[in-house]
Amino acid sequence: MSLLEVRDLSVTFTGWRGAAPVQAVKRASFDLDKGETLALVGESGSGKSVTALSILQLLPYPAAAHTPESSVKFANEELIGAPNSRLRNIRGNRIGMVFQEPMTSLNPLHTVEKQVAETLLIHHHLPAGMVRRRTLELLHLVGLREAESRLSAYPHQLSGGQRQRVMIAIAIANEPDILIADEPTTALDVTIQAQILELMHELRDRLDMALLLITHDLSIVRKMADQVCVMSQGEIVEAASGDELFSSPRHPYTRRLLAAEPKGRPEPSPAGAPVLVEGDGLKVWFPVRGGFFRRVRSYVKAVNGVSLRLRAGMTLGVVGESGSGKTTLGLALLRLVDAEGRIRFSGRDIAAERQKALRPLRREMQVVFQDPYSSLSPRLSIAQIIGEGLKVHHLAKDEAEARRRIDEALVEVGLDTAAAERYPHEFSGGQRQRVAIARALVLKPKFVVLDEPTSALDMSVQAQIVDLLRELQQRHGLTYLFISHDLKVVRALAHEILVMKDGEIVEAGSAEAILTAPQHPYTKALMTAAFDLQTAATPAI
Amino acid sequence: MPLEAGPPAALTFLGRKITPLTRRRLDNFRANKRGFWSLWIFLAIFVVTLFAEFVANDRPLLIRYDGAFYMPVFHSYPETTFGGIFPSEADYHDPDVKQMIDAKGWILWPLIPYRYDTITNAPGPYPSPPSAADWLGTDDQGRDVLARLIYGFRISVLFGLTLTISSSIIGVAAGAAQGYFGGIVDLGFQRFIEVWSGLPVLYLLIILASLVQPNFWWLLGLMLLFSWTSLVDVVRAEFLRARNFDYVRAARALGMGDRQIILRHVLPNATVATITFMPFILNASITTLTSLDFLGFGLPPGSPSLGELLAQGKANLQAPWLGITSFVTLAVMLSLLTFVGEAVRDAFDPRKVTG
């Protein structure tokens with residue numbers, strides 16, 4: 001008998017206003033034992049989070065319903081339909097949970113101490129002094145440095161990794177038997193991700209817990225999981241031990257998932273091509289104001305003295321963790337934020353040009369943003385979104401020609417022309433990103449800034465977008481500035497790489513050289529974290 | 001790449017093509033039964049009162065006299081037309097005139113044969129109680145209460161609508177400029193609005209009312225001076241938020257000008273807040289006008305107004321039909337508008353999914 005036994009678990013959400021009910025989970029079964037890590041893997045919408053939430057009975061009942069044969073047994077006790085008082089006793093006490101977004105899962109109005117202590121007070125009525133001691137002990141346990149001084153800190157004063165450590169401290173406060181982690185590292189940088197994963201692994205052994213890990217990232221699974229359940233459209237399509245799954249996947253979906261990692265290398269860029277974009281000593285400083293007269297106290301140096309050159313037809317990958325200034329650099333090159341320094345675009349100095357004078361030039365330099373959900377106006381149809389640039393630059397003589405060019409762009413990014421009359425909300429994330437690329441492409445630009453175009457997408461979709469971008473580059477001789485924190489994607493696309501940290505370049509050179517023999521310790525740390533999910537010698541945050 | 005099958009929703013409204021988002025909002029509005037019916041009832045009353053001249057008038061709609069048709073609603077005819085002696089306009093309530101016309105034809109009266117300023121034939125002392133001739137009685141000057149109510153309702157709603165629309169236009173423009181350009185424009189405008197909204201509006205209106213004889217347009221202008229600030233904050237906040245949206249940035253990267261970006265990408269975001277607020281601003285405008293009339297600083301004496309009727313009700317407690325009538329009218333009108341406002345708010349609520 002296992003610690004947690006899930007049998008034939010089904011979850012159905014009733015539709016609203018006559019919409020058909022959605023079956024989010026279909027007859028899922030798995031076991032979990034102490035000291036074991038089980039990974040639930042799948043793309044977004046595959047039902048992995050719903051499965052985890054139904055273990056704790058945290059779904060929005062009665063909109064969600066289980067079938068009669070569904071069973072979740074924890075230590076031989078049925079949890080489905082258990083009384084609320086009993087469930088409250090288990091939640092946060094015997095089964096702890098860590099959520100994806102550390103910013104929104106902590107209460108911004110309470111201190112760290114109060115939030116950790118809360119779960120202790122709810123389940124064990126400890127005297128105040130002991131609560132404080134235990135809280136400190138927990139914060140030490142999760143590796144939060146300077147724990148004493150952090151006790152009175154509010155969530156916004158902590159970094160993402162520190163917040164996730166606090167969340168873990170809360171989850172393990174009562175030494176649970178099971179820790180459920182729902183995409184615990186998705187919102188974090190790669191180096192931090194490696195640290196958090198290591199911490200969870202270590203805690204599992206030290207506290208003899210069972211770990212249920214929910215993730216879409218196969219490299220995390222490979223590193224962490226003893227047992228793996230692959231979910232697709234609500235069903236567990238394959239369950240196997242970690243080694244077995246990666247060496248001999250049986251189900252076609254698993255194989256597809258494994259093959260979906262962005263692969264390949266960029267085609268060699270044309271040698272001796274003219275320099276298209278050049279930045280020299282770029283600086284973007286945001287003033288920090290303070291005091292009564294709002295005088296400038298200091299600056300946030302988002303980009304600090306960066307120089308770069310892009311030859312026509314090549315891809316420059318800009319790599320760095322969040323806050324390193326990569327996005328600001330991209331926007332500065334396009335003059336979408338004000339920057340000091342020299343910017344040359346096809347031989348013309350544009351750093352000092354007025355916005356109005358820049359407008360004709362905008363046709364040749366385009367941008368694709370990270371989040372395809374926010375970069376398309378929900379009020380416009382796809383044809384309107386793509387046709388906007390044509391209108392601004394008077395590129396089409398009449399409606400018919402505009403329509404023809406819109407259709408061309410849609411076909412080029414692999415969408416059906418019937419999509420033109422639809423609205424963004426009818427499309428999946430990957431399809432939306434294709435629309436965003438079509439919006440840039442329809443103008444036939446020379447230079448495209450790609451600001452993390454794949455990070456908001458599922459793994460298999462990422463690979464498709466990467467292939468698409470590579471293909472478009474070859475066909476049209478496009479020049480890319482590819483901004484990403486994901487070294488795997490960068491490896492598949494970039495000819496040259498620029499590693500940024502705190503607004504400055506720490507290392508630059510050809511992709512080959514940097515990926516095979518990184519020189520700077522920061523680059524090395526980034527690489528081990530990204531490819532091996534291991535912390536390098538960098539100190540913990 | 002296959003597309004997901006969309007729901008087969010009718011994407012036209014009043015014969016115009018609409019977006020699925022608008023469709024959803026219309027459906028949400030309709031789902032709020034109370035607000036939906038309130039809107040229809042309010043519109044019905046409003047349309048009837050818009051044609052007040054045809055509903056309550058002391059001139060007949062149509063006269064047949066001596067083989068010819070006359071329409072006193074549109075033209076004024078001297079008494080001599082109907083064989084009288086005075087060259088002045090005919091008084092159709094005069095028994096002599098009536099007799100003359102009836103002899104050679106007939107008269108078609110509106111439903112209520114009085115205008116808001118007609119002195120009725122009701123037996124004194126005024127205010128006289130409801131009777132078969134004056135359904136809601138008369139006020140203290142012998143004028144038919146129902147006729148005054150119809151005209152008063154119209155003037156209240158028209159005043160409220162004009163004030164709401166003009167203050168929305170000014171407010172949205174001011175908020176848009178502040179939010180979109182930010183910085184020093186924003187800072188300056190915000191401080192100005194803080195000072196401006198600190199002025200005691202009622203006292204200023206009272207003082208100004210003693211300098212000029214207020215009429216409809218004077219009052220509108222005076223109140224507009226202070227009411228435009230109500231929308232600035234919400235619109236400004238929406239613009240501050242929206243100017244950093246990715247699709248606004250993408251539009252700038254496409255080379256769009258500020259004006260185009262504001263109109264096409266940012267303003268639609270602010271419309272939600274504006275439209276949600278509008279019914280409530282309309283309510284506030286009507287209430288302000290009524291209270292000014294009640295205090296005697298509003299529309300010129302003799303104008304039909306709900307506030308004046310309310311004041312009469314207070315002065316003549318022995319004639320409860322005055323107070324009750326004005327109270328019920330105001331309560332019904334303001335409640336209807338509030339219900340409509342709630343339904344509009346629901347319709348634009350992105351989180352609201354069920355009816």
# chains A, B, ... in the order shown; residues from 1 in each chain; ligands from 1

$ closest_atom_pairs --of "chain B" --to "chain A" --cutoff "6 Å" --atoms "only C-alpha atoms" --output "CSV"
residue,atom,partner,partner_atom,distance
B:Met1,CA,A:Leu415,CA,5.7
B:Asp246,CA,A:Ser375,CA,4.4
B:Tyr247,CA,A:Ser375,CA,4.1
B:Leu254,CA,A:Gly389,CA,5.6
B:Gly255,CA,A:Arg359,CA,4.6

$ select_by_dssp --residues "segment 40-80 of chain A" --states "helix (DSSP H, G or I)" --output "CSV table (one decimal) with N, CA and C atoms, in the first residue's frame"
chain,number,residue,atom,x,y,z
A,48,LYS,N,-2.5,18.5,-15.7
A,48,LYS,CA,-1.6,18.1,-14.7
A,48,LYS,C,-1.9,18.9,-13.4
A,49,SER,N,-2.1,20.2,-13.5
A,49,SER,CA,-2.4,21.0,-12.3
A,49,SER,C,-3.8,20.6,-11.7
A,50,VAL,N,-4.7,20.4,-12.5
A,50,VAL,CA,-6.0,20.0,-12.0
A,50,VAL,C,-5.9,18.7,-11.2
A,51,THR,N,-5.1,17.7,-11.7
A,51,THR,CA,-4.9,16.5,-11.0
A,51,THR,C,-4.3,16.8,-9.6
A,52,ALA,N,-3.3,17.7,-9.6
A,52,ALA,CA,-2.7,18.0,-8.3
A,52,ALA,C,-3.7,18.6,-7.3
A,53,LEU,N,-4.5,19.6,-7.9
A,53,LEU,CA,-5.4,20.3,-7.0
A,53,LEU,C,-6.5,19.3,-6.5
A,54,SER,N,-6.8,18.3,-7.3
A,54,SER,CA,-7.9,17.4,-6.8
A,54,SER,C,-7.4,16.5,-5.7
A,55,ILE,N,-6.1,16.3,-5.6
A,55,ILE,CA,-5.6,15.6,-4.4
A,55,ILE,C,-5.9,16.3,-3.1

$ residues_around --residues "Pro87 of chain B" --least-positions-apart "5" --cutoff "7 Å" --atoms "only C-alpha atoms" --output "list in words"
Pro78, Glu79 and Thr80 of chain B

$ write_last_selection --atoms "N, CA and C atoms" --output "compact mmCIF listing (two decimals), in the first residue's frame"
# COMPACT_ATOMS: atom_id res chain seq x y z
N PRO B 78 -54.77 82.89 -35.71
CA PRO B 78 -55.53 83.91 -34.97
C PRO B 78 -56.97 83.46 -34.79
N GLU B 79 -57.61 84.00 -33.81
CA GLU B 79 -58.98 83.61 -33.51
C GLU B 79 -59.90 83.88 -34.69
N THR B 80 -59.52 84.88 -35.50
CA THR B 80 -60.37 85.26 -36.64
C THR B 80 -60.52 84.13 -37.64

$ atom_distance --atom1 "atom CA of Gln227 of chain A" --atom2 "atom CA of Leu4 of chain A"
13.6 Å

$ residues_around --residues "Gly503 of chain A" --least-positions-apart "3" --cutoff "12 Å" --atoms "only C-alpha atoms" --output "VMD selection string"
chain A and resid 281 to 286 300 to 307 318 to 329 498 to 500 506

$ residues_around --residues "segment 325-336 of chain B" --least-positions-apart "5" --cutoff "9 Å" --atoms "only C-alpha atoms" --output "compact mmCIF listing (two decimals) with N, CA and C atoms, in the first residue's frame"
# COMPACT_ATOMS: atom_id res chain seq x y z
N ARG B 34 -33.00 42.53 -15.11
CA ARG B 34 -33.49 43.75 -14.48
C ARG B 34 -33.00 44.98 -15.24
N GLY B 35 -31.69 44.97 -15.57
CA GLY B 35 -31.13 46.11 -16.28
C GLY B 35 -31.68 46.20 -17.69
N TRP B 37 -34.62 45.22 -18.89
CA TRP B 37 -35.98 45.76 -18.92
C TRP B 37 -36.01 47.20 -18.44
N SER B 38 -35.15 47.54 -17.48
CA SER B 38 -35.09 48.94 -17.04
C SER B 38 -34.76 49.83 -18.21
N LEU B 39 -33.83 49.40 -19.04
CA LEU B 39 -33.45 50.21 -20.19
C LEU B 39 -34.64 50.42 -21.11
N ILE B 41 -37.87 50.21 -20.37
CA ILE B 41 -38.90 51.05 -19.73
C ILE B 41 -38.45 52.52 -19.78
N PHE B 42 -37.18 52.74 -19.44
CA PHE B 42 -36.68 54.11 -19.44
C PHE B 42 -36.76 54.71 -20.84
N LEU B 136 -53.52 64.07 -11.88
CA LEU B 136 -52.66 64.13 -10.70
C LEU B 136 -52.87 65.44 -9.96
N VAL B 145 -50.52 68.95 -12.92
CA VAL B 145 -49.28 68.33 -12.44
C VAL B 145 -48.74 67.33 -13.46
N LEU B 146 -49.62 66.53 -14.08
CA LEU B 146 -49.15 65.51 -15.01
C LEU B 146 -48.45 66.15 -16.21
N LEU B 149 -45.18 67.28 -15.16
CA LEU B 149 -44.30 66.13 -14.93
C LEU B 149 -43.68 65.66 -16.24
N PHE B 153 -39.78 65.86 -16.78
CA PHE B 153 -38.98 64.66 -16.99
C PHE B 153 -38.08 64.85 -18.20
N ASN B 283 -27.15 59.98 -13.67
CA ASN B 283 -27.92 60.06 -12.44
C ASN B 283 -27.53 61.25 -11.60
N ILE B 286 -28.73 64.57 -13.10
CA ILE B 286 -30.16 64.81 -12.89
C ILE B 286 -30.42 65.23 -11.45
N THR B 287 -29.76 64.54 -10.52
CA THR B 287 -29.96 64.86 -9.12
C THR B 287 -29.50 66.29 -8.81
N LEU B 306 -38.72 68.98 -11.96
CA LEU B 306 -39.05 68.06 -10.89
C LEU B 306 -38.68 68.65 -9.55
N GLY B 307 -37.58 69.42 -9.51
CA GLY B 307 -37.15 70.02 -8.25
C GLY B 307 -38.16 71.02 -7.74
N LEU B 309 -41.34 71.04 -8.37
CA LEU B 309 -42.51 70.30 -7.92
C LEU B 309 -42.29 69.75 -6.51
N LEU B 310 -41.06 69.29 -6.30
CA LEU B 310 -40.70 68.76 -4.98
C LEU B 310 -40.81 69.87 -3.93
N GLY B 313 -44.31 70.47 -3.11
CA GLY B 313 -44.81 69.41 -2.25
C GLY B 313 -44.43 69.67 -0.80
N PRO B 320 -50.90 66.22 -0.58
CA PRO B 320 -49.87 65.18 -0.68
C PRO B 320 -49.61 64.74 -2.12
N GLY B 341 -27.24 51.04 -15.25
CA GLY B 341 -25.81 51.18 -14.98
C GLY B 341 -25.20 49.89 -14.49

$ residues_around --residues "segment 193-208 of chain B" --least-positions-apart "3" --cutoff "12 Å" --atoms "only C-alpha atoms" --output "VMD selection string"
chain B and resid 171 174 to 175 178 186 to 190 211 to 215 218 to 233 288 to 289 291 to 293 295 to 298

$ residues_around --residues "Ile261 of chain B" --least-positions-apart "3" --cutoff "12 Å" --atoms "only C-alpha atoms" --output "compact mmCIF listing (two decimals) with N, CA and C atoms, in the first residue's frame"
# COMPACT_ATOMS: atom_id res chain seq x y z
N SER A 377 -3.91 43.18 -30.08
CA SER A 377 -5.08 43.86 -29.53
C SER A 377 -6.30 42.96 -29.65
N GLU A 388 -2.39 46.60 -40.34
CA GLU A 388 -2.14 47.92 -39.76
C GLU A 388 -0.88 48.57 -40.31
N VAL A 392 -0.23 52.12 -42.33
CA VAL A 392 0.62 53.19 -41.83
C VAL A 392 1.64 53.60 -42.89
N ALA B 176 -6.98 61.43 -21.27
CA ALA B 176 -6.13 60.80 -22.29
C ALA B 176 -4.80 61.53 -22.40
N TYR B 180 -1.47 59.52 -21.43
CA TYR B 180 -0.61 59.09 -22.53
C TYR B 180 0.73 59.78 -22.49
N PHE B 239 -5.12 54.91 -19.44
CA PHE B 239 -4.10 55.29 -20.42
C PHE B 239 -2.70 55.00 -19.89
N ALA B 242 -2.38 51.35 -20.36
CA ALA B 242 -2.39 50.83 -21.72
C ALA B 242 -1.19 51.29 -22.54
N ARG B 243 -0.57 52.41 -22.17
CA ARG B 243 0.49 52.88 -23.05
C ARG B 243 1.72 51.97 -22.96
N ASN B 244 1.75 51.10 -21.96
CA ASN B 244 2.85 50.16 -21.87
C ASN B 244 2.48 48.77 -22.35
N PHE B 245 1.27 48.60 -22.89
CA PHE B 245 0.89 47.30 -23.42
C PHE B 245 1.78 46.94 -24.59
N TYR B 247 0.90 45.56 -27.33
CA TYR B 247 0.38 45.86 -28.66
C TYR B 247 0.44 47.35 -28.98
N VAL B 248 0.49 48.17 -27.94
CA VAL B 248 0.70 49.61 -28.18
C VAL B 248 2.15 49.83 -28.60
N ARG B 249 3.05 49.11 -27.92
CA ARG B 249 4.45 49.19 -28.30
C ARG B 249 4.67 48.67 -29.72
N ALA B 250 3.97 47.58 -30.03
CA ALA B 250 4.10 47.02 -31.38
C ALA B 250 3.60 48.04 -32.40
N ALA B 251 2.53 48.76 -32.08
CA ALA B 251 2.00 49.77 -33.00
C ALA B 251 3.04 50.87 -33.19
N ARG B 252 3.72 51.24 -32.11
CA ARG B 252 4.75 52.27 -32.25
C ARG B 252 5.90 51.75 -33.10
N ALA B 253 6.20 50.46 -32.91
CA ALA B 253 7.27 49.88 -33.72
C ALA B 253 6.88 49.81 -35.18
N LEU B 254 5.56 49.75 -35.46
CA LEU B 254 5.11 49.75 -36.84
C LEU B 254 5.24 51.13 -37.46
N GLY B 255 5.47 52.14 -36.64
CA GLY B 255 5.62 53.49 -37.17
C GLY B 255 4.35 54.32 -37.09
N MET B 256 3.42 53.93 -36.24
CA MET B 256 2.18 54.69 -36.09
C MET B 256 2.42 55.98 -35.31
N GLY B 257 1.65 57.01 -35.65
CA GLY B 257 1.74 58.27 -34.92
C GLY B 257 0.95 58.21 -33.62
N ASP B 258 1.22 59.16 -32.73
CA ASP B 258 0.56 59.18 -31.43
C ASP B 258 -0.96 59.21 -31.55
N ARG B 264 -6.85 54.27 -31.91
CA ARG B 264 -7.10 52.91 -32.33
C ARG B 264 -6.79 51.88 -31.25
N HIS B 265 -5.79 52.14 -30.45
CA HIS B 265 -5.36 51.10 -29.52
C HIS B 265 -5.59 51.42 -28.05
N VAL B 266 -5.49 52.69 -27.69
CA VAL B 266 -5.57 52.99 -26.26
C VAL B 266 -6.98 53.40 -25.86
N LEU B 267 -7.61 54.23 -26.69
CA LEU B 267 -8.93 54.72 -26.34
C LEU B 267 -9.95 53.60 -26.11
N PRO B 268 -9.96 52.56 -26.95
CA PRO B 268 -10.94 51.48 -26.71
C PRO B 268 -10.84 50.90 -25.29
N ASN B 269 -9.64 50.90 -24.71
CA ASN B 269 -9.52 50.42 -23.34
C ASN B 269 -10.22 51.34 -22.37

$ closest_residue --among "B:Pro60, B:Pro20, B:Gly84, B:Pro113" --to "Ala133 of chain B" --atoms "only C-alpha atoms"
B:Pro113

$ atom_distance --atom1 "atom CA of Tyr70 of chain B" --atom2 "atom CA of Leu108 of chain B"
10.4 Å

$ select_by_dssp --residues "segment 330-489 of chain A" --states "strand (DSSP E or B)" --output "list in words"
Glu340, Gly341, Arg342, Ile343, Arg344, Phe345, Arg348, Asp349, Met365, Gln366, Val367, Val368, Phe447, Val448, Val449, Leu450, Asp451, Thr479, Tyr480, Leu481, Phe482, Ile483 and Ser484 of chain A

$ closest_atom_pairs --of "segment 309-352 of chain A" --to "segment 454-476 of chain A" --cutoff "10 Å" --atoms "only C-alpha atoms" --output "CSV"
residue,atom,partner,partner_atom,distance
A:Gly313,CA,A:Gln473,CA,7.0
A:Met314,CA,A:Gln473,CA,8.4
A:Thr315,CA,A:Gln473,CA,8.9

$ closest_residue --among "B:Val47, B:Ser168, B:Met71, B:Leu322" --to "Asp144 of chain B" --atoms "only C-alpha atoms"
B:Leu322
